[in-house]
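Source file: model_6.json; contents: JSON, C-alpha atoms and all ligand atoms.
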[["chain", "number", "residue", "atom", "x", "y", "z"],
["E", 912, "MET", "CA", 4.70, -3.52, -0.46],
["E", 913, "ILE", "CA", 3.62, -0.63, -2.69],
["E", 914, "LEU", "CA", 6.01, 2.18, -1.80],
["E", 915, "GLY", "CA", 9.00, 0.37, -0.32],
["E", 916, "ASP", "CA", 10.90, 2.35, 2.29],
["E", 917, "GLY", "CA", 11.10, 6.06, 2.79],
["E", 918, "PHE", "CA", 7.58, 7.43, 2.43],
["E", 919, "ALA", "CA", 6.08, 6.72, 5.86],
["E", 920, "ASP", "CA", 6.25, 10.33, 7.07],
["E", 921, "ARG", "CA", 4.41, 11.56, 3.95],
["E", 922, "ALA", "CA", 1.72, 8.86, 3.70],
["E", 923, "ALA", "CA", -1.83, 9.14, 4.97],
["E", 924, "SER", "CA", -3.81, 6.00, 4.23],
["E", 925, "VAL", "CA", -7.12, 4.25, 4.76],
["E", 926, "ALA", "CA", -8.40, 0.78, 4.07],
["E", 927, "THR", "CA", -11.18, 0.84, 1.49],
["E", 928, "PRO", "CA", -13.75, -1.60, 0.10],
["E", 929, "GLY", "CA", -11.63, -2.85, -2.82],
["E", 930, "GLY", "CA", -9.59, -0.82, -5.27],
["E", 931, "THR", "CA", -12.85, 0.66, -6.50],
["E", 932, "GLY", "CA", -13.54, 2.05, -3.03],
["E", 933, "ALA", "CA", -10.07, 3.60, -3.01],
["E", 934, "ILE", "CA", -10.71, 5.22, -6.41],
["E", 935, "ARG", "CA", -14.04, 6.59, -5.22],
["E", 936, "GLN", "CA", -12.54, 8.00, -1.99],
["E", 937, "ALA", "CA", -9.61, 9.51, -3.88],
["E", 938, "LEU", "CA", -11.98, 11.25, -6.27],
["E", 939, "GLU", "CA", -14.06, 12.56, -3.38],
["E", 940, "LEU", "CA", -10.88, 13.88, -1.74],
["E", 941, "ILE", "CA", -9.89, 15.63, -4.99],
["E", 942, "ARG", "CA", -13.36, 17.14, -5.33],
["E", 943, "MET", "CA", -13.39, 18.28, -1.70],
["E", 944, "ALA", "CA", -9.95, 19.92, -2.02],
["E", 945, "ASN", "CA", -10.44, 21.46, -5.46],
["E", 946, "PRO", "CA", -13.86, 21.25, -7.15],
["E", 947, "GLN", "CA", -12.38, 22.76, -10.33],
["E", 948, "ALA", "CA", -9.78, 20.01, -10.72],
["E", 949, "LYS", "CA", -10.19, 18.08, -13.93],
["E", 950, "VAL", "CA", -9.65, 14.32, -13.86],
["E", 951, "TRP", "CA", -7.61, 13.11, -16.83],
["E", 952, "MET", "CA", -7.74, 9.49, -17.88],
["E", 953, "SER", "CA", -6.30, 7.33, -20.63],
["E", 954, "SER", "CA", -8.25, 6.48, -23.75],
["E", 955, "PRO", "CA", -9.30, 3.76, -23.27],
["E", 956, "THR", "CA", -9.37, 3.06, -19.56],
["E", 957, "TRP", "CA", -11.20, 0.79, -17.14],
["E", 958, "PRO", "CA", -14.86, 1.85, -17.74],
["E", 959, "ASN", "CA", -15.50, 2.40, -14.02],
["E", 960, "HIS", "CA", -13.08, 5.35, -14.05],
["E", 961, "PRO", "CA", -15.16, 7.67, -16.27],
["E", 962, "SER", "CA", -18.34, 6.24, -14.84],
["E", 963, "ILE", "CA", -17.50, 7.22, -11.24],
["E", 964, "VAL", "CA", -16.04, 10.60, -12.24],
["E", 965, "LYS", "CA", -19.21, 11.36, -14.19],
["E", 966, "TYR", "CA", -21.40, 10.21, -11.33],
["E", 967, "LEU", "CA", -19.56, 12.58, -9.00],
["E", 968, "GLY", "CA", -20.13, 15.41, -11.49],
["E", 969, "MET", "CA", -16.41, 16.17, -11.81],
["E", 970, "PRO", "CA", -14.83, 17.74, -14.89],
["E", 971, "MET", "CA", -12.94, 15.15, -16.91],
["E", 972, "ALA", "CA", -10.72, 14.83, -19.94],
["E", 973, "GLU", "CA", -9.03, 12.05, -21.88],
["E", 974, "TYR", "CA", -5.47, 11.62, -23.08],
["E", 975, "ARG", "CA", -4.47, 9.38, -25.98],
["E", 976, "TYR", "CA", -2.83, 6.16, -24.84],
["E", 977, "PHE", "CA", -3.33, 3.15, -27.11],
["E", 978, "ASP", "CA", -2.14, 2.96, -30.69],
["E", 979, "ALA", "CA", -4.70, 0.73, -32.39],
["E", 980, "ALA", "CA", -2.32, 0.03, -35.28],
["E", 981, "THR", "CA", 0.64, -1.21, -33.23],
["E", 982, "ARG", "CA", -1.34, -2.21, -30.09],
["E", 983, "GLY", "CA", 1.39, -0.33, -28.23],
["E", 984, "ILE", "CA", 1.49, 3.10, -26.62],
["E", 985, "ASP", "CA", 0.72, 6.25, -28.59],
["E", 986, "LEU", "CA", 3.40, 8.19, -26.71],
["E", 987, "ALA", "CA", 3.39, 11.18, -29.06],
["E", 988, "GLY", "CA", -0.38, 11.57, -28.73],
["E", 989, "LEU", "CA", -0.23, 11.08, -24.98],
["E", 990, "MET", "CA", 2.42, 13.80, -24.56],
["E", 991, "VAL", "CA", 0.50, 16.26, -26.77],
["E", 992, "ASP", "CA", -2.74, 15.69, -24.87],
["E", 993, "LEU", "CA", -1.15, 15.96, -21.42],
["E", 994, "GLU", "CA", 0.19, 19.38, -22.44],
["E", 995, "GLY", "CA", -3.37, 20.50, -21.71],
["E", 996, "VAL", "CA", -3.16, 19.58, -18.00],
["E", 997, "ALA", "CA", -3.66, 22.58, -15.69],
["E", 998, "GLU", "CA", -2.06, 23.01, -12.27],
["E", 999, "GLY", "CA", -3.97, 20.95, -9.70],
["E", 1000, "ASP", "CA", -5.61, 18.64, -12.25],
["E", 1001, "ALA", "CA", -5.55, 14.96, -11.30],
["E", 1002, "VAL", "CA", -4.07, 12.56, -13.86],
["E", 1003, "LEU", "CA", -5.16, 8.96, -13.53],
["E", 1004, "LEU", "CA", -2.38, 6.53, -14.45],
["E", 1005, "HIS", "CA", -2.43, 2.72, -14.37],
["E", 1006, "GLY", "CA", 0.61, 1.83, -12.24],
["E", 1007, "CYS", "CA", 1.11, -1.42, -14.18],
["E", 1008, "CYS", "CA", -0.84, -3.92, -16.30],
["E", 1009, "HIS", "CA", -3.08, -1.40, -18.08],
["E", 1010, "ASN", "CA", -6.71, -2.49, -18.27],
["E", 1011, "PRO", "CA", -8.18, -2.95, -20.89],
["E", 1012, "THR", "CA", -5.28, -2.72, -23.36],
["E", 1013, "GLY", "CA", -2.38, -4.68, -21.77],
["E", 1014, "ALA", "CA", 0.01, -2.05, -23.22],
["E", 1015, "ASN", "CA", 2.29, -0.32, -20.71],
["E", 1016, "LEU", "CA", 4.78, 2.54, -20.62],
["E", 1017, "SER", "CA", 8.46, 1.57, -20.50],
["E", 1018, "GLN", "CA", 10.52, 3.10, -17.66],
["E", 1019, "PRO", "CA", 12.05, 5.78, -19.99],
["E", 1020, "GLU", "CA", 8.53, 6.62, -21.19],
["E", 1021, "TRP", "CA", 7.38, 6.91, -17.56],
["E", 1022, "ASP", "CA", 10.26, 9.35, -16.99],
["E", 1023, "GLN", "CA", 9.04, 11.55, -19.84],
["E", 1024, "VAL", "CA", 5.46, 11.52, -18.59],
["E", 1025, "ILE", "CA", 6.56, 12.25, -15.02],
["E", 1026, "ALA", "CA", 8.71, 15.20, -16.16],
["E", 1027, "LEU", "CA", 5.83, 16.69, -18.14],
["E", 1028, "LEU", "CA", 3.28, 16.26, -15.35],
["E", 1029, "ALA", "CA", 5.68, 17.66, -12.76],
["E", 1030, "ALA", "CA", 6.22, 20.73, -14.94],
["E", 1031, "LYS", "CA", 2.43, 21.14, -15.18],
["E", 1032, "GLY", "CA", 1.88, 20.93, -11.41],
["E", 1033, "ALA", "CA", -0.44, 17.92, -11.82],
["E", 1034, "VAL", "CA", -1.53, 15.59, -9.04],
["E", 1035, "PRO", "CA", -0.81, 12.03, -10.17],
["E", 1036, "PHE", "CA", -3.51, 9.54, -9.25],
["E", 1037, "VAL", "CA", -2.15, 6.00, -9.60],
["E", 1038, "ASP", "CA", -4.49, 3.03, -9.93],
["E", 1039, "LEU", "CA", -2.56, -0.09, -8.93],
["E", 1040, "ALA", "CA", -4.91, -3.03, -9.31],
["E", 1041, "TYR", "CA", -2.53, -5.74, -10.56],
["E", 1042, "GLN", "CA", 0.75, -5.43, -8.66],
["E", 1043, "GLY", "CA", 2.66, -8.69, -9.13],
["E", 1044, "PHE", "CA", 0.81, -9.68, -12.33],
["E", 1045, "GLY", "CA", 3.16, -7.98, -14.81],
["E", 1046, "ASP", "CA", 6.92, -8.08, -14.31],
["E", 1047, "GLY", "CA", 6.98, -8.94, -10.60],
["E", 1048, "LEU", "CA", 5.94, -7.44, -7.29],
["E", 1049, "GLU", "CA", 8.82, -4.94, -7.15],
["E", 1050, "ALA", "CA", 9.01, -4.12, -10.86],
["E", 1051, "ASP", "CA", 5.28, -3.46, -11.00],
["E", 1052, "ALA", "CA", 5.65, -0.83, -8.27],
["E", 1053, "ALA", "CA", 8.60, 0.93, -9.94],
["E", 1054, "ALA", "CA", 6.55, 3.60, -11.73],
["E", 1055, "THR", "CA", 4.45, 4.27, -8.63],
["E", 1056, "ARG", "CA", 7.62, 4.74, -6.54],
["E", 1057, "LYS", "CA", 9.13, 7.09, -9.13],
["E", 1058, "ILE", "CA", 5.96, 9.15, -9.07],
["E", 1059, "ALA", "CA", 5.92, 9.14, -5.27],
["E", 1060, "ALA", "CA", 9.45, 10.55, -5.24],
["E", 1061, "ALA", "CA", 8.82, 13.17, -7.94],
["E", 1062, "PHE", "CA", 5.63, 14.90, -6.75],
["E", 1063, "PRO", "CA", 4.69, 16.67, -3.50],
["E", 1064, "GLU", "CA", 1.15, 15.23, -3.61],
["E", 1065, "VAL", "CA", 0.17, 11.83, -5.01],
["E", 1066, "LEU", "CA", -2.89, 9.61, -4.68],
["E", 1067, "ILE", "CA", -2.54, 5.85, -4.94],
["E", 1068, "ALA", "CA", -5.56, 3.54, -5.11],
["E", 1069, "ALA", "CA", -4.44, -0.06, -4.71],
["E", 1070, "SER", "CA", -6.43, -3.28, -4.84],
["E", 1071, "CYS", "CA", -5.71, -6.60, -3.14],
["E", 1072, "SER", "CA", -8.52, -8.32, -5.03],
["E", 1073, "LYS", "CA", -6.38, -10.06, -7.63],
["E", 1074, "ASN", "CA", -2.90, -10.36, -6.13],
["E", 1075, "PHE", "CA", -4.31, -11.84, -2.91],
["E", 1076, "GLY", "CA", -7.16, -13.67, -4.62],
["E", 1077, "ILE", "CA", -9.79, -12.14, -2.32],
["E", 1078, "TYR", "CA", -12.03, -10.37, -4.80],
["E", 1079, "ARG", "CA", -15.20, -10.77, -2.77],
["E", 1080, "GLU", "CA", -13.69, -9.56, 0.48],
["E", 1081, "ARG", "CA", -13.45, -6.07, -1.08],
["E", 1082, "THR", "CA", -9.95, -5.15, 0.09],
["E", 1083, "GLY", "CA", -8.06, -2.09, -1.02],
["E", 1084, "VAL", "CA", -6.13, 0.88, 0.26],
["E", 1085, "LEU", "CA", -6.00, 4.56, -0.56],
["E", 1086, "ILE", "CA", -2.65, 6.22, 0.09],
["E", 1087, "ALA", "CA", -2.41, 10.01, -0.07],
["E", 1088, "LEU", "CA", 1.15, 11.29, -0.11],
["E", 1089, "THR", "CA", 1.65, 14.82, 1.09],
["E", 1090, "SER", "CA", 4.22, 16.80, 3.09],
["E", 1091, "PRO", "CA", 4.97, 15.53, 6.61],
["E", 1092, "ASP", "CA", 3.38, 18.63, 8.19],
["E", 1093, "ARG", "CA", 0.10, 18.08, 6.33],
["E", 1094, "ARG", "CA", -0.12, 14.34, 6.84],
["E", 1095, "ALA", "CA", -2.35, 14.50, 9.93],
["E", 1096, "VAL", "CA", -4.84, 16.82, 8.18],
["E", 1097, "VAL", "CA", -5.01, 14.54, 5.13],
["E", 1098, "GLN", "CA", -5.41, 11.49, 7.37],
["E", 1099, "GLY", "CA", -8.29, 13.28, 9.11],
["E", 1100, "ASN", "CA", -9.93, 14.04, 5.77],
["E", 1101, "LEU", "CA", -9.64, 10.42, 4.67],
["E", 1102, "ALA", "CA", -11.19, 9.25, 7.93],
["E", 1103, "TYR", "CA", -13.95, 11.83, 7.46],
["E", 1104, "LEU", "CA", -14.70, 10.56, 3.95],
["E", 1105, "ASN", "CA", -14.77, 6.95, 5.14],
["E", 1106, "ARG", "CA", -17.19, 7.92, 7.89],
["E", 1107, "GLN", "CA", -19.55, 9.77, 5.53],
["E", 1108, "ASN", "CA", -19.71, 6.84, 3.13],
["E", 1109, "TYR", "CA", -19.72, 3.70, 5.28],
["E", 1110, "SER", "CA", -18.25, 4.58, 8.68],
["E", 1111, "PHE", "CA", -15.60, 1.88, 8.42],
["E", 1112, "PRO", "CA", -14.46, -0.32, 5.58],
["E", 1113, "PRO", "CA", -14.93, -4.09, 5.92],
["E", 1114, "ASP", "CA", -12.09, -5.54, 8.00],
["E", 1115, "HIS", "CA", -11.85, -9.23, 7.19],
["E", 1116, "GLY", "CA", -9.87, -9.02, 3.92],
["E", 1117, "ALA", "CA", -7.61, -6.27, 5.29],
["E", 1118, "ARG", "CA", -6.79, -8.50, 8.30],
["E", 1119, "LEU", "CA", -5.97, -11.40, 5.99],
["E", 1120, "VAL", "CA", -3.58, -9.24, 3.98],
["E", 1121, "THR", "CA", -1.98, -7.80, 7.13],
["E", 1122, "MET", "CA", -1.58, -11.29, 8.57],
["E", 1123, "ILE", "CA", 0.14, -12.52, 5.42],
["E", 1124, "LEU", "CA", 2.42, -9.53, 4.99],
["E", 1125, "GLU", "CA", 3.53, -9.45, 8.62],
["E", 1126, "ASP", "CA", 4.31, -13.17, 8.89],
["E", 1127, "GLU", "CA", 7.55, -14.10, 7.19],
["E", 1128, "ALA", "CA", 6.54, -17.66, 6.26],
["E", 1129, "LEU", "CA", 3.07, -16.71, 5.01],
["E", 1130, "ARG", "CA", 4.51, -13.79, 3.06],
["E", 1131, "ALA", "CA", 7.04, -16.07, 1.37],
["E", 1132, "ASP", "CA", 4.29, -18.58, 0.48],
["E", 1133, "TRP", "CA", 2.09, -15.87, -0.93],
["E", 1134, "LYS", "CA", 4.90, -14.33, -2.97],
["E", 1135, "ALA", "CA", 5.74, -17.75, -4.44],
["E", 1136, "GLU", "CA", 2.10, -18.37, -5.40],
["E", 1137, "LEU", "CA", 1.74, -14.91, -6.91],
["E", 1138, "GLU", "CA", 4.90, -15.47, -8.95],
["E", 1139, "GLU", "CA", 3.49, -18.79, -10.19],
["E", 1140, "VAL", "CA", 0.30, -17.01, -11.31],
["E", 1141, "ARG", "CA", 2.36, -14.31, -13.06],
["E", 1142, "LEU", "CA", 4.65, -16.76, -14.84],
["E", 1143, "ASN", "CA", 1.68, -18.82, -15.97],
["E", 1144, "MET", "CA", 0.12, -15.74, -17.58],
["E", 1145, "LEU", "CA", 3.45, -14.91, -19.24],
["E", 1146, "SER", "CA", 3.82, -18.38, -20.64],
["E", 1147, "LEU", "CA", 0.24, -18.29, -21.99],
["E", 1148, "ARG", "CA", 1.07, -14.94, -23.61],
["E", 1149, "ARG", "CA", 4.16, -16.37, -25.29],
["E", 1150, "GLN", "CA", 2.28, -19.49, -26.41],
["E", 1151, "LEU", "CA", -0.60, -17.46, -27.83],
["E", 1152, "ALA", "CA", 1.76, -15.12, -29.70],
["E", 1153, "GLU", "CA", 3.63, -18.11, -31.16],
["E", 1154, "GLU", "CA", 0.45, -19.98, -32.14],
["E", 1155, "LEU", "CA", -0.94, -16.83, -33.77],
["E", 1156, "ARG", "CA", 2.34, -16.27, -35.63],
["E", 1157, "ARG", "CA", 2.08, -19.80, -37.01],
["E", 1158, "ALA", "CA", -1.66, -19.73, -37.70],
["E", 1159, "THR", "CA", -1.65, -16.31, -39.40],
["E", 1160, "ASN", "CA", 1.83, -16.59, -40.91],
["E", 1161, "SER", "CA", 2.51, -13.04, -39.71],
["E", 1162, "ASP", "CA", 3.86, -11.06, -36.77],
["E", 1163, "ARG", "CA", 0.61, -9.15, -36.42],
["E", 1164, "PHE", "CA", -0.08, -10.56, -32.94],
["E", 1165, "ASP", "CA", 3.46, -10.53, -31.53],
["E", 1166, "PHE", "CA", 2.38, -7.73, -29.17],
["E", 1167, "VAL", "CA", 0.47, -10.31, -27.09],
["E", 1168, "ALA", "CA", 3.82, -11.52, -25.68],
["E", 1169, "SER", "CA", 4.96, -8.03, -24.69],
["E", 1170, "HIS", "CA", 1.67, -6.92, -23.15],
["E", 1171, "ARG", "CA", 1.42, -7.42, -19.39],
["E", 1172, "GLY", "CA", -1.33, -8.26, -16.93],
["E", 1173, "MET", "CA", -4.53, -10.21, -17.32],
["E", 1174, "PHE", "CA", -5.79, -8.40, -20.39],
["E", 1175, "SER", "CA", -4.93, -7.74, -24.01],
["E", 1176, "ARG", "CA", -6.89, -5.95, -26.64],
["E", 1177, "LEU", "CA", -6.38, -7.99, -29.80],
["E", 1178, "GLY", "CA", -7.41, -5.33, -32.32],
["E", 1179, "LEU", "CA", -10.17, -7.37, -33.98],
["E", 1180, "SER", "CA", -13.22, -5.69, -35.47],
["E", 1181, "GLU", "CA", -16.65, -6.05, -33.86],
["E", 1182, "ALA", "CA", -17.71, -8.17, -36.84],
["E", 1183, "GLN", "CA", -14.75, -10.53, -36.28],
["E", 1184, "VAL", "CA", -15.57, -10.78, -32.57],
["E", 1185, "GLU", "CA", -19.16, -11.60, -33.53],
["E", 1186, "THR", "CA", -18.00, -14.35, -35.93],
["E", 1187, "LEU", "CA", -15.81, -15.86, -33.21],
["E", 1188, "ARG", "CA", -18.90, -16.00, -31.03],
["E", 1189, "THR", "CA", -21.42, -17.36, -33.55],
["E", 1190, "LYS", "CA", -19.14, -19.70, -35.53],
["E", 1191, "HIS", "CA", -16.64, -20.82, -32.88],
["E", 1192, "GLY", "CA", -18.41, -20.38, -29.56],
["E", 1193, "ILE", "CA", -15.54, -18.12, -28.39],
["E", 1194, "TYR", "CA", -16.61, -15.14, -26.34],
["E", 1195, "MET", "CA", -14.73, -11.89, -25.78],
["E", 1196, "VAL", "CA", -15.63, -8.26, -25.14],
["E", 1197, "SER", "CA", -16.73, -6.53, -28.36],
["E", 1198, "ASP", "CA", -13.59, -4.33, -28.31],
["E", 1199, "SER", "CA", -11.66, -7.65, -28.58],
["E", 1200, "ARG", "CA", -10.24, -7.58, -25.05],
["E", 1201, "ILE", "CA", -9.39, -11.06, -23.81],
["E", 1202, "ASN", "CA", -8.49, -12.30, -20.34],
["E", 1203, "ILE", "CA", -5.22, -14.22, -20.66],
["E", 1204, "ALA", "CA", -5.84, -15.95, -17.33],
["E", 1205, "GLY", "CA", -9.00, -17.48, -18.83],
["E", 1206, "LEU", "CA", -6.87, -19.57, -21.22],
["E", 1207, "ASN", "CA", -4.80, -22.71, -20.69],
["E", 1208, "ALA", "CA", -2.18, -24.57, -22.74],
["E", 1209, "GLN", "CA", -4.92, -26.68, -24.41],
["E", 1210, "THR", "CA", -7.27, -23.82, -25.34],
["E", 1211, "VAL", "CA", -4.59, -21.44, -26.70],
["E", 1212, "PRO", "CA", -4.19, -23.32, -30.06],
["E", 1213, "VAL", "CA", -7.99, -23.49, -30.44],
["E", 1214, "LEU", "CA", -8.27, -19.74, -29.95],
["E", 1215, "ALA", "CA", -5.35, -19.03, -32.32],
["E", 1216, "ALA", "CA", -6.87, -21.17, -35.08],
["E", 1217, "ALA", "CA", -10.26, -19.51, -34.66],
["E", 1218, "ILE", "CA", -8.76, -15.99, -34.78],
["E", 1219, "ALA", "CA", -6.77, -16.89, -37.89],
["E", 1220, "SER", "CA", -9.96, -18.09, -39.57],
["E", 1221, "VAL", "CA", -11.85, -14.81, -39.01],
["E", 1222, "ILE", "CA", -9.21, -12.25, -40.02],
["L", 1, "LIG", "C1", -7.84, -0.95, -13.59],
["L", 1, "LIG", "C2", -8.63, -1.38, -12.41],
["L", 1, "LIG", "N1", -8.69, -0.58, -11.34],
["L", 1, "LIG", "C3", -9.37, -0.92, -10.24],
["L", 1, "LIG", "C4", -10.05, -2.10, -10.16],
["L", 1, "LIG", "C5", -10.85, -2.37, -8.91],
["L", 1, "LIG", "O1", -10.44, -3.39, -8.13],
["L", 1, "LIG", "P1", -11.39, -3.99, -6.99],
["L", 1, "LIG", "O2", -12.01, -5.21, -7.54],
["L", 1, "LIG", "O3", -10.46, -4.27, -5.86],
["L", 1, "LIG", "O4", -12.43, -2.97, -6.64],
["L", 1, "LIG", "C6", -10.03, -2.98, -11.24],
["L", 1, "LIG", "C7", -10.77, -4.23, -11.18],
["L", 1, "LIG", "O5", -11.20, -4.82, -12.09],
["L", 1, "LIG", "C8", -9.30, -2.60, -12.40],
["L", 1, "LIG", "O6", -9.25, -3.39, -13.47]]

Starting from the coordinates I provided, produce the structure as structure tokens.
Amino acid sequence: MILGDGFADRAASVATPGGTGAIRQALELIRMANPQAKVWMSSPTWPNHPSIVKYLGMPMAEYRYFDAATRGIDLAGLMVDLEGVAEGDAVLLHGCCHNPTGANLSQPEWDQVIALLAAKGAVPFVDLAYQGFGDGLEADAAATRKIAAAFPEVLIAASCSKNFGIYRERTGVLIALTSPDRRAVVQGNLAYLNRQNYSFPPDHGARLVTMILEDEALRADWKAELEEVRLNMLSLRRQLAEELRRATNSDRFDFVASHRGMFSRLGLSEAQVETLRTKHGIYMVSDSRINIAGLNAQTVPVLAAAIASVI
């Protein structure tokens, strides 16, 4: 589902407790292999990324990612910052549906980033937590597959929490791509790390996912449901962008329609977020990140009117 065909002889993998477990195990593998490796992450990123890296005492660095003015990608800043990557450093990349911003690299932008990181000898570390929530199951894996083909060593931490709707089962997978002759050693190291931390990951969610993916009828049902979820989020995005265009008489929030995934950072100030809370009873994270999936066709106009009244 993640890599498509052609990587089986290079892939070592273990089930993990959620995507978070995969991230933690990947970081431990990096630290075990190369304690000097720096972990690079986007600014901003999912707060658990820096938190776990810090907890593990690993060196870390940030690269620019989000342009607060356009709510798009700061590609120039990103490329300048990633020039600082040293050989063997791990670079954490959101495979699709960037959390918290909702802003994602286009395929040509991915190509530029991949070329730079390949020239630097970096180890890409892909976090794929929302496959199927952006442009579709296959499209959302496109960048990950490009990376897999372009680098000798890649780490992929994937979550089944959202796309299979089994958040509390804690179901994820860590895939470590390497050369075919090293695969068995890497597999052994992953098994070793699992054993040190919890012996075995929980099995129930992983069995559910396996059952669905290996049964043609169940797989088709699941894909159809996932697509329905994705299209619903897209239509809410379009509706919100349109309502905001009308309510604010500007194109300031058009980016909401081009963002992908569950989240968008709206670019409101903390004071505006506070006013939405106290005056309108509308709650969002203080950096103005909203969860698109928390809206519906009836609440979108209410939110748009409230935002227009505070800006
Ligand atoms: C970017 C990102 N990575 C990883 C995860 C972890 O997923 P899981 O709930 O499967 O641990 C999340 C979940 O919120 C996420 O947003």

Item to check | Who sits within 6 Å of Val1034 (chain E), all atoms listed in the file, same chain under 4 positions skipped, as a PyMOL selection string | outcome: chain E and resi 999+1001+1065

Take every atom of ligand LIG 1 (chain L) listed in the file, pad by 6 Å on each side, and give me the axis-aligned box centre and edge lengths in Å, one decimal, as JSON.
{"center_x": -10.1, "center_y": -2.9, "center_z": -9.7, "size_x": 16.6, "size_y": 16.6, "size_z": 19.7}

Item to check | Expected residue set, 12 Å radius at (-17.1, -1.3, 5.6), only C-alpha atoms, as a VMD selection string | outcome: chain E and resid 925 to 929 932 1080 to 1083 1105 to 1117

Item to check | Residue nearest Leu1003 (chain E) among E:Trp951, E:Tyr966, E:Tyr974, E:Phe1044 (counting only C-alpha atoms) | outcome: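 Ranked by minimum distance to Leu1003 (chain E), first place goes to E:Trp951.
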
Checklist entry - E:Gly968, E:Ile1201, E:Val1167, E:Val1221: which is nearest Ala1182 (chain E), counting only C-alpha atoms? => result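 Under the stated criterion, the closest residue is E:Val1221.
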
Next on the checklist: I'd like the neighbourhood of Asn1100 (chain E) as a list in words, where a residue qualifies if any of its atoms comes within 12 Å (using only C-alpha atoms), though same-chain residues fewer than 2 positions away should be ignored.
Outcome noted: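 Contacts, with the query itself left out: Ala923, Ser924, Val925, Gln936, Ala937, Glu939, Leu940, Ile941, Met943, Ala944, Ala1087, Arg1093, Arg1094, Ala1095, Val1096, Val1097, Gln1098, Ala1102, Tyr1103, Leu1104, Asn1105, Arg1106 and Gln1107 of chain E.
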
Checklist entry - Residues at most 6 Å from ligand LIG 1 (chain L), using only C-alpha atoms and all ligand atoms? Could they come as an MDAnalysis selection string? => result chainID E and resid 929:931 957 1010 1038 1040 1070:1072 1078 1081 1083

Can you pull out every residue within 8 Å of Ser1090 (chain E), counting all atoms listed in the file, but drop anything in the same chain fewer than 2 positions away, and send it as a tab-separated table (two decimals) with C-alpha atoms, in the coordinates of the input?
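around.tsv written:
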chain	number	residue	atom	x	y	z
E	920	ASP	CA	6.25	10.33	7.07
E	921	ARG	CA	4.41	11.56	3.95
E	1063	PRO	CA	4.69	16.67	-3.50
E	1064	GLU	CA	1.15	15.23	-3.61
E	1088	LEU	CA	1.15	11.29	-0.11
E	1092	ASP	CA	3.38	18.63	8.19
E	1093	ARG	CA	0.10	18.08	6.33
E	1094	ARG	CA	-0.12	14.34	6.84

Checklist entry - If I put a ball of radius 6 Å at (-1.6, 1.5, -8.5) in the file's coordinates, which residues poke into it when counting all atoms listed in the file, written as a list of chain:residue names? => result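 Every residue inside that radius is included here: E:Gly1006, E:Val1037, E:Asp1038, E:Leu1039, E:Ala1040, E:Ile1067, E:Ala1068, E:Ala1069.
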
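Taking CA of Asp1000 (chain E) as the reference point, CA of Leu1028 (chain E) is found at 9.7 Å.
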
Dump as a Markdown table the rows for residues of region 1084-1198 of chain E within 12 Å of region 1014-1025 of chain E: closest atom pair and distance in Å with one decimal, all atoms listed in the file counted, ordered by chain and rising residue number.
| residue | atom | partner | partner_atom | distance |
| --- | --- | --- | --- | --- |
| E:Phe1166 | CA | E:Ala1014 | CA | 8.6 |
| E:Val1167 | CA | E:Ala1014 | CA | 9.1 |
| E:Ala1168 | CA | E:Ala1014 | CA | 10.5 |
| E:Ser1169 | CA | E:Ala1014 | CA | 7.9 |
| E:His1170 | CA | E:Ala1014 | CA | 5.1 |
| E:Arg1171 | CA | E:Ala1014 | CA | 6.7 |
| E:Gly1172 | CA | E:Ala1014 | CA | 8.9 |
| E:Met1173 | CA | E:Ala1014 | CA | 11.0 |
| E:Phe1174 | CA | E:Ala1014 | CA | 9.1 |
| E:Ser1175 | CA | E:Ala1014 | CA | 7.6 |
| E:Arg1176 | CA | E:Ala1014 | CA | 8.6 |
| E:Leu1177 | CA | E:Ala1014 | CA | 10.9 |

Within 7 Å of region 1209-1217 of chain E, which residues of region 1086-1187 of chain E come that close, and what is the closest atom pair and distance in Å for each? Count all atoms listed in the file and give it as JSON lines.
{"residue": "E:Leu1151", "atom": "CA", "partner": "E:Val1211", "partner_atom": "CA", "distance": 5.7}
{"residue": "E:Glu1154", "atom": "CA", "partner": "E:Ala1215", "partner_atom": "CA", "distance": 5.9}
{"residue": "E:Leu1155", "atom": "CA", "partner": "E:Ala1215", "partner_atom": "CA", "distance": 5.1}
{"residue": "E:Ala1158", "atom": "CA", "partner": "E:Ala1216", "partner_atom": "CA", "distance": 6.0}
{"residue": "E:Leu1187", "atom": "CA", "partner": "E:Ala1217", "partner_atom": "CA", "distance": 6.8}

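The coordinates place CA of Phe1036 (chain E) at 16.8 Å from CA of Asp992 (chain E).
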
Checklist entry - Restricting the calculation to only C-alpha atoms, which member of E:Ala919, E:Pro1011, E:Ala1026, E:Val1196 is positioned closest to Lys1057 (chain E)? => result E:Ala1026

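Coordinates place CA of Ser1197 (chain E) at a distance of 5.5 Å from CA of Glu1181 (chain E).
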